[in-house]
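Novice: File upload_0.txt follows (compact mmCIF, C-alpha atoms):
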```
# COMPACT_ATOMS: atom_id res chain seq x y z
CA MET A 1 11.79 113.35 84.37
CA GLY A 2 12.48 116.06 86.98
CA PRO A 3 10.84 119.45 87.30
CA LYS A 4 10.47 121.42 84.09
CA LEU A 5 13.08 124.04 83.26
CA ASP A 6 12.11 127.70 82.99
CA ALA A 7 12.25 128.91 79.37
CA ILE A 8 11.19 132.19 77.79
CA LEU A 9 9.25 132.06 74.52
CA PHE A 10 9.80 134.89 72.05
CA GLU A 11 7.29 134.53 69.21
CA ALA A 12 7.08 136.81 66.20
CA ALA A 13 3.76 137.21 64.39
CA GLN A 14 5.27 138.75 61.23
CA PRO A 15 8.22 137.55 59.12
CA VAL A 16 11.54 138.62 60.64
CA PRO A 17 14.70 139.67 58.75
CA PHE A 18 17.41 137.09 59.35
CA LEU A 19 19.94 139.50 60.84
CA GLN A 20 17.40 140.70 63.42
CA ALA A 21 16.72 137.14 64.60
CA TRP A 22 20.42 136.31 64.65
CA ALA A 23 21.16 139.35 66.79
CA ALA A 24 18.36 138.32 69.18
CA GLN A 25 19.84 134.83 69.50
CA ARG A 26 23.30 136.21 70.22
CA SER A 27 21.86 138.51 72.88
CA LEU A 28 20.05 135.61 74.56
CA GLN A 29 23.13 133.40 74.24
CA GLN A 30 25.30 136.07 75.86
CA ARG A 31 22.84 136.41 78.73
CA LEU A 32 22.87 132.66 79.37
CA LEU A 33 26.67 132.58 79.13
CA ALA A 34 26.81 135.27 81.81
CA GLN A 35 24.16 133.50 83.93
CA PRO A 36 24.29 129.75 83.13
CA ASP A 37 21.63 129.04 85.75
CA GLY A 38 19.23 131.59 84.25
CA PRO A 39 16.17 130.85 82.11
CA GLU A 40 16.61 129.26 78.72
CA ALA A 41 14.84 130.71 75.69
CA VAL A 42 13.36 129.81 72.33
CA LEU A 43 12.41 131.97 69.37
CA LEU A 44 9.58 130.88 67.06
CA LEU A 45 9.26 132.83 63.82
CA GLU A 46 9.16 132.88 60.07
CA HIS A 47 11.87 134.64 58.07
CA GLU A 48 11.76 137.16 55.28
CA PRO A 49 13.18 135.42 52.18
CA CYS A 50 16.94 134.81 52.38
CA TYR A 51 19.72 132.25 52.09
CA THR A 52 22.16 131.24 54.82
CA LEU A 53 25.47 129.41 54.63
CA GLY A 54 26.93 127.45 57.53
CA ARG A 55 30.45 128.04 58.88
CA GLY A 56 32.23 125.81 56.39
CA ALA A 57 29.56 125.76 53.69
CA SER A 58 30.72 125.61 50.09
CA GLU A 59 29.65 128.34 47.66
CA SER A 60 29.67 125.65 44.96
CA PHE A 61 26.16 124.78 46.14
CA LEU A 62 24.91 128.22 45.09
CA ARG A 63 23.38 128.41 41.63
CA PHE A 64 24.06 132.16 41.50
CA ASP A 65 26.97 134.55 41.88
CA PRO A 66 27.35 135.13 45.65
CA ARG A 67 28.39 138.71 44.89
CA ARG A 68 24.95 139.30 43.34
CA PRO A 69 22.51 137.06 45.22
CA PRO A 70 18.80 137.09 44.27
CA LEU A 71 17.94 137.37 47.99
CA PRO A 72 19.95 138.40 51.07
CA LEU A 73 22.79 135.90 51.64
CA HIS A 74 24.34 135.42 55.07
CA ARG A 75 27.28 133.28 56.19
CA ILE A 76 26.62 132.37 59.79
CA ASP A 77 28.01 130.39 62.72
CA ARG A 78 26.05 127.14 62.42
CA GLY A 79 26.91 123.76 61.00
CA GLY A 80 25.61 122.61 57.63
CA GLU A 81 25.54 123.87 54.06
CA VAL A 82 23.24 126.38 52.34
CA THR A 83 19.53 126.62 53.07
CA HIS A 84 16.65 128.90 52.16
CA HIS A 85 14.23 130.64 54.51
CA ALA A 86 10.90 132.23 53.56
CA PRO A 87 7.42 132.78 54.99
CA GLY A 88 5.49 129.55 55.41
CA GLN A 89 8.50 127.87 56.98
CA LEU A 90 8.43 127.65 60.78
CA VAL A 91 11.81 128.35 62.35
CA LEU A 92 12.61 127.36 65.93
CA TYR A 93 15.76 128.78 67.53
CA PRO A 94 16.44 127.28 70.98
CA VAL A 95 18.96 129.06 73.21
CA LEU A 96 19.63 126.30 75.72
CA ASN A 97 22.33 125.41 78.22
CA LEU A 98 23.12 122.03 76.68
CA GLN A 99 24.85 120.91 79.88
CA ARG A 100 21.29 120.56 81.21
CA HIS A 101 20.35 118.44 78.20
CA GLY A 102 23.10 115.85 77.91
CA ALA A 103 26.12 117.96 76.83
CA ASP A 104 26.25 116.10 73.51
CA LEU A 105 25.76 117.98 70.23
CA HIS A 106 24.99 114.84 68.22
CA HIS A 107 22.32 113.86 70.75
CA TYR A 108 20.95 117.41 70.57
CA LEU A 109 20.61 117.17 66.78
CA ARG A 110 18.78 113.86 67.10
CA GLN A 111 16.45 115.41 69.71
CA LEU A 112 15.60 118.29 67.36
CA GLU A 113 14.85 115.75 64.63
CA GLN A 114 12.62 113.90 67.07
CA VAL A 115 10.65 117.08 67.80
CA VAL A 116 9.75 117.26 64.10
CA ILE A 117 9.01 113.52 63.94
CA ASP A 118 6.68 113.94 66.94
CA VAL A 119 4.88 116.83 65.23
CA LEU A 120 4.45 114.81 62.04
CA ALA A 121 3.14 111.84 64.00
CA GLY A 122 0.41 114.14 65.31
CA LEU A 123 -0.58 114.69 61.67
CA ASP A 124 -0.54 110.93 61.03
CA LEU A 125 2.62 111.34 58.95
CA GLU A 126 5.75 109.24 59.38
CA GLY A 127 8.86 111.40 59.46
CA GLU A 128 12.11 109.66 58.63
CA ARG A 129 15.80 110.07 59.35
CA ILE A 130 18.46 109.16 56.79
CA ALA A 131 21.61 107.58 58.20
CA GLY A 132 24.58 109.94 58.13
CA LEU A 133 22.46 113.01 57.36
CA THR A 134 20.77 115.62 59.55
CA GLY A 135 17.12 116.56 59.06
CA VAL A 136 13.72 114.95 58.62
CA TRP A 137 12.22 113.50 55.44
CA LEU A 138 8.75 112.49 54.30
CA GLU A 139 8.58 109.92 51.51
CA GLY A 140 12.05 110.94 50.34
CA ARG A 141 11.46 114.70 50.46
CA LYS A 142 13.25 116.81 53.06
CA VAL A 143 10.72 118.80 55.08
CA ALA A 144 12.94 119.95 57.97
CA ALA A 145 16.49 121.27 57.92
CA ILE A 146 18.53 121.43 61.12
CA GLY A 147 21.75 123.31 61.82
CA VAL A 148 23.06 124.43 65.19
CA GLY A 149 25.90 126.27 66.81
CA ALA A 150 27.03 126.43 70.42
CA ARG A 151 29.43 128.49 72.49
CA ARG A 152 30.51 126.96 75.80
CA TRP A 153 27.46 124.65 75.51
CA ILE A 154 24.97 127.53 74.98
CA SER A 155 23.11 126.80 71.75
CA GLN A 156 21.81 128.94 68.94
CA HIS A 157 20.24 128.33 65.51
CA GLY A 158 17.99 125.28 65.27
CA LEU A 159 15.37 123.84 62.92
CA ALA A 160 13.32 125.01 59.94
CA LEU A 161 10.14 123.13 59.02
CA ASN A 162 8.54 123.71 55.61
CA VAL A 163 4.79 123.95 56.12
CA ASP A 164 2.94 125.96 53.48
CA GLY A 165 5.49 128.31 51.91
CA ASP A 166 6.61 128.67 48.30
CA LEU A 167 9.57 126.34 47.65
CA ALA A 168 10.68 128.11 44.46
CA GLY A 169 13.61 129.79 46.24
CA PHE A 170 15.24 126.41 46.84
CA ALA A 171 15.81 126.05 43.08
CA ALA A 172 18.64 128.62 43.24
CA VAL A 173 20.72 126.43 45.59
CA VAL A 174 21.59 122.81 46.31
CA PRO A 175 19.78 122.62 49.66
CA CYS A 176 22.06 121.30 52.41
CA GLY A 177 24.45 120.23 49.63
CA LEU A 178 22.21 117.27 48.71
CA SER A 179 21.56 117.37 44.98
CA ASP A 180 19.67 114.05 45.01
CA ARG A 181 17.34 114.85 47.93
CA PRO A 182 14.37 117.03 46.92
CA VAL A 183 12.72 119.46 49.32
CA GLY A 184 9.09 119.10 50.38
CA ARG A 185 6.48 120.93 52.45
CA LEU A 186 3.75 119.57 54.66
CA VAL A 187 0.83 120.93 52.61
CA ASP A 188 1.86 118.51 49.87
CA TRP A 189 0.53 115.81 52.24
CA ARG A 190 -1.97 117.81 54.32
CA PRO A 191 -3.38 120.53 52.00
CA GLU A 192 -5.51 122.12 54.71
CA LEU A 193 -2.51 122.80 56.97
CA THR A 194 -1.12 126.28 57.67
CA GLY A 195 2.01 127.40 59.46
CA GLN A 196 -0.14 129.25 61.97
CA GLN A 197 -1.97 126.05 62.89
CA LEU A 198 1.28 124.19 63.44
CA ARG A 199 2.93 126.71 65.79
CA GLY A 200 1.25 125.29 68.90
CA PRO A 201 2.01 121.64 68.12
CA LEU A 202 5.64 122.48 67.31
CA LEU A 203 6.14 124.38 70.56
CA GLY A 204 4.36 121.63 72.49
CA ALA A 205 6.54 118.88 71.05
CA PHE A 206 9.68 120.92 71.67
CA ALA A 207 8.77 121.76 75.27
CA GLN A 208 7.93 118.13 76.02
CA ARG A 209 11.09 116.74 74.41
CA PHE A 210 13.37 119.11 76.35
CA GLY A 211 11.39 119.29 79.59
CA LEU A 212 10.69 123.02 79.38
CA ASP A 213 8.02 125.25 80.83
CA LEU A 214 7.58 127.89 78.12
CA ARG A 215 6.36 131.30 79.23
CA PRO A 216 6.22 134.83 77.76
CA PRO A 217 9.01 137.23 78.73
CA ASN A 218 8.75 139.50 81.72
CA PRO A 219 9.09 143.22 80.87
CA GLN A 220 12.77 143.23 81.87
CA GLU A 221 13.44 140.15 79.73
CA GLY A 222 12.23 141.67 76.47
CA LEU A 223 14.63 141.89 73.53
CA GLN A 224 15.56 145.36 72.33
CA GLY A 225 13.75 145.99 69.05
CA TRP A 226 12.11 142.55 68.96
```
Represent the supplied structure as structure tokens.
Specialist:
Amino acid sequence: MGPKLDAILFEAAQPVPFLQAWAAQRSLQQRLLAQPDGPEAVLLLEHEPCYTLGRGASESFLRFDPRRPPLPLHRIDRGGEVTHHAPGQLVLYPVLNLQRHGADLHHYLRQLEQVVIDVLAGLDLEGERIAGLTGVWLEGRKVAAIGVGARRWISQHGLALNVDGDLAGFAAVVPCGLSDRPVGRLVDWRPELTGQQLRGPLLGAFAQRFGLDLRPPNPQEGLQGW
């Protein structure tokens, strides 16, 4: 592996509204589109409770009227069906120039899955893939959802790993459109675990998998309102 790539880490200590994080990603994506040789970036955060629908996601997987959702509902520019975000779920949004990382979206999805599998291995847990599906499972329960988007090979969106949050919000949807695949969280296997404890291992596994040198932003690289 060659020298590590420069990447800015934006980490939020408190839960972030979805639209704020989405705007931050678009800002970072636009900057990398304008300067493809510039630093890459990653956002690590937890979301305020909400639901998101991918580009072509079907509203038939909602168990509520989309005109009157129980939580904020956003249709966004990623692949995949509906998912739920809430505190206790770690969300990683890489804004990468994928031409530096293989220029292959399917390979990128598998690499994001591998990041989660690497994290779970560090907990002595065996994460699993399911052929034809995207995400990571533990003993048949989906613990990580993955959905990405890219514009001219500059990525946004990413992965969501259920650590210690309340899963009740998933009952109002068919997560990822998979009615026969229940959702899980890591504390069901490692009760002492917290999302805060897992932030470092998740960032470490991600940086190693993608060959990144993560650093805090310089003053001029800060996001407006972040």
Novice: Under the rule that all atoms listed in the file are counted, which of A:Cys50, A:Val82, A:Ala57, A:Ile130 is the nearest residue to Arg181 of chain A?
Specialist: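 Of A:Cys50, A:Val82, A:Ala57, A:Ile130, the one nearest Arg181 of chain A, counting all atoms listed in the file, is A:Ile130.
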Novice: Pick out the residues sitting within 8 Å of segment 105-110 of chain A, and hand them over as a list in words; count only C-alpha atoms, and ignore anything fewer than 3 positions along from it in its own chain.
Specialist: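 Listing them by chain and then by number gives Leu98, His101, Gly102, Glu113, Gln114, Thr134, Ile146, Gly147 and Val148 of chain A.
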Novice: Please give the centre and size of the box around segment 83-92 of chain A (axis-aligned, containing every atom listed in the file, 4 Å added per side), with values in Å to one decimal and written as AutoDock Vina command-line options.
Specialist:
```
--center_x 12.5 --center_y 129.7 --center_z 59.0 --size_x 22.0 --size_y 14.2 --size_z 21.8
```
Novice: For the interface of segment 117-224 of chain A with segment 37-45 of chain A (cut-off 9 Å, counting only C-alpha atoms), please tabulate each contacting residue of segment 117-224 of chain A alongside its nearest pair of atoms and their separation in Å to one decimal, rows sorted by chain and increasing number, as a tab-separated table.
Specialist:
```
residue	atom	partner	partner_atom	distance
A:Arg199	CA	A:Leu44	CA	8.0
A:Leu203	CA	A:Leu44	CA	8.1
A:Leu212	CA	A:Glu40	CA	8.6
A:Leu214	CA	A:Ala41	CA	8.2
```
Novice: If you count only C-alpha atoms, which residues fall within 9 Å of Arg141 of chain A, apart from same-chain ones fewer than 4 positions away, as number ranges by chain?
Specialist: A: 136-137, 181-185
Novice: Considering all atoms listed in the file, state which residue in the set A:Gln35, A:Gln208, A:Thr83, A:Gln30 is at the smallest distance from Gly54 of chain A.
Specialist: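 Residue with the minimum atom-to-atom distance to Gly54 of chain A: A:Thr83.
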Novice: Could you complete segment 105-121 of chain A so that it carries N, CA, C and O atoms, and give it back as an mmCIF file, keeping the file's coordinate frame?
Specialist:
```
data_model
loop_
_atom_site.group_PDB
_atom_site.id
_atom_site.type_symbol
_atom_site.label_atom_id
_atom_site.label_comp_id
_atom_site.auth_asym_id
_atom_site.auth_seq_id
_atom_site.Cartn_x
_atom_site.Cartn_y
_atom_site.Cartn_z
ATOM 1 N N LEU A 105 26.355 117.306 71.387
ATOM 2 C CA LEU A 105 25.760 117.980 70.230
ATOM 3 C C LEU A 105 25.069 117.004 69.283
ATOM 4 O O LEU A 105 24.030 117.336 68.705
ATOM 5 N N HIS A 106 25.634 115.815 69.110
ATOM 6 C CA HIS A 106 24.990 114.840 68.220
ATOM 7 C C HIS A 106 23.639 114.415 68.801
ATOM 8 O O HIS A 106 22.647 114.300 68.073
ATOM 9 N N HIS A 107 23.592 114.193 70.091
ATOM 10 C CA HIS A 107 22.320 113.860 70.750
ATOM 11 C C HIS A 107 21.328 115.012 70.597
ATOM 12 O O HIS A 107 20.131 114.789 70.351
ATOM 13 N N TYR A 108 21.819 116.243 70.714
ATOM 14 C CA TYR A 108 20.950 117.410 70.570
ATOM 15 C C TYR A 108 20.337 117.459 69.171
ATOM 16 O O TYR A 108 19.127 117.709 69.018
ATOM 17 N N LEU A 109 21.137 117.188 68.150
ATOM 18 C CA LEU A 109 20.610 117.170 66.780
ATOM 19 C C LEU A 109 19.526 116.105 66.631
ATOM 20 O O LEU A 109 18.490 116.344 66.004
ATOM 21 N N ARG A 110 19.774 114.933 67.196
ATOM 22 C CA ARG A 110 18.780 113.860 67.100
ATOM 23 C C ARG A 110 17.495 114.255 67.842
ATOM 24 O O ARG A 110 16.391 113.905 67.423
ATOM 25 N N GLN A 111 17.621 114.971 68.958
ATOM 26 C CA GLN A 111 16.450 115.410 69.710
ATOM 27 C C GLN A 111 15.641 116.431 68.907
ATOM 28 O O GLN A 111 14.406 116.407 68.920
ATOM 29 N N LEU A 112 16.317 117.332 68.208
ATOM 30 C CA LEU A 112 15.600 118.290 67.360
ATOM 31 C C LEU A 112 14.876 117.559 66.228
ATOM 32 O O LEU A 112 13.735 117.903 65.876
ATOM 33 N N GLU A 113 15.533 116.565 65.641
ATOM 34 C CA GLU A 113 14.850 115.750 64.630
ATOM 35 C C GLU A 113 13.613 115.092 65.232
ATOM 36 O O GLU A 113 12.550 115.050 64.588
ATOM 37 N N GLN A 114 13.737 114.595 66.447
ATOM 38 C CA GLN A 114 12.620 113.900 67.070
ATOM 39 C C GLN A 114 11.447 114.843 67.327
ATOM 40 O O GLN A 114 10.283 114.425 67.252
ATOM 41 N N VAL A 115 11.727 116.095 67.642
ATOM 42 C CA VAL A 115 10.650 117.080 67.800
ATOM 43 C C VAL A 115 9.816 117.134 66.523
ATOM 44 O O VAL A 115 8.578 117.090 66.559
ATOM 45 N N VAL A 116 10.480 117.216 65.372
ATOM 46 C CA VAL A 116 9.750 117.260 64.100
ATOM 47 C C VAL A 116 9.011 115.950 63.862
ATOM 48 O O VAL A 116 7.841 115.949 63.446
ATOM 49 N N ILE A 117 9.662 114.823 64.123
ATOM 50 C CA ILE A 117 9.010 113.520 63.940
ATOM 51 C C ILE A 117 7.767 113.417 64.818
ATOM 52 O O ILE A 117 6.729 112.894 64.390
ATOM 53 N N ASP A 118 7.843 113.936 66.045
ATOM 54 C CA ASP A 118 6.680 113.940 66.940
ATOM 55 C C ASP A 118 5.551 114.792 66.374
ATOM 56 O O ASP A 118 4.373 114.408 66.440
ATOM 57 N N VAL A 119 5.893 115.957 65.827
ATOM 58 C CA VAL A 119 4.880 116.830 65.230
ATOM 59 C C VAL A 119 4.205 116.125 64.056
ATOM 60 O O VAL A 119 2.969 116.140 63.908
ATOM 61 N N LEU A 120 5.008 115.500 63.210
ATOM 62 C CA LEU A 120 4.450 114.810 62.040
ATOM 63 C C LEU A 120 3.562 113.645 62.464
ATOM 64 O O LEU A 120 2.518 113.396 61.843
ATOM 65 N N ALA A 121 3.966 112.946 63.522
ATOM 66 C CA ALA A 121 3.140 111.840 64.000
ATOM 67 C C ALA A 121 1.760 112.330 64.407
ATOM 68 O O ALA A 121 0.753 111.628 64.217
#
```
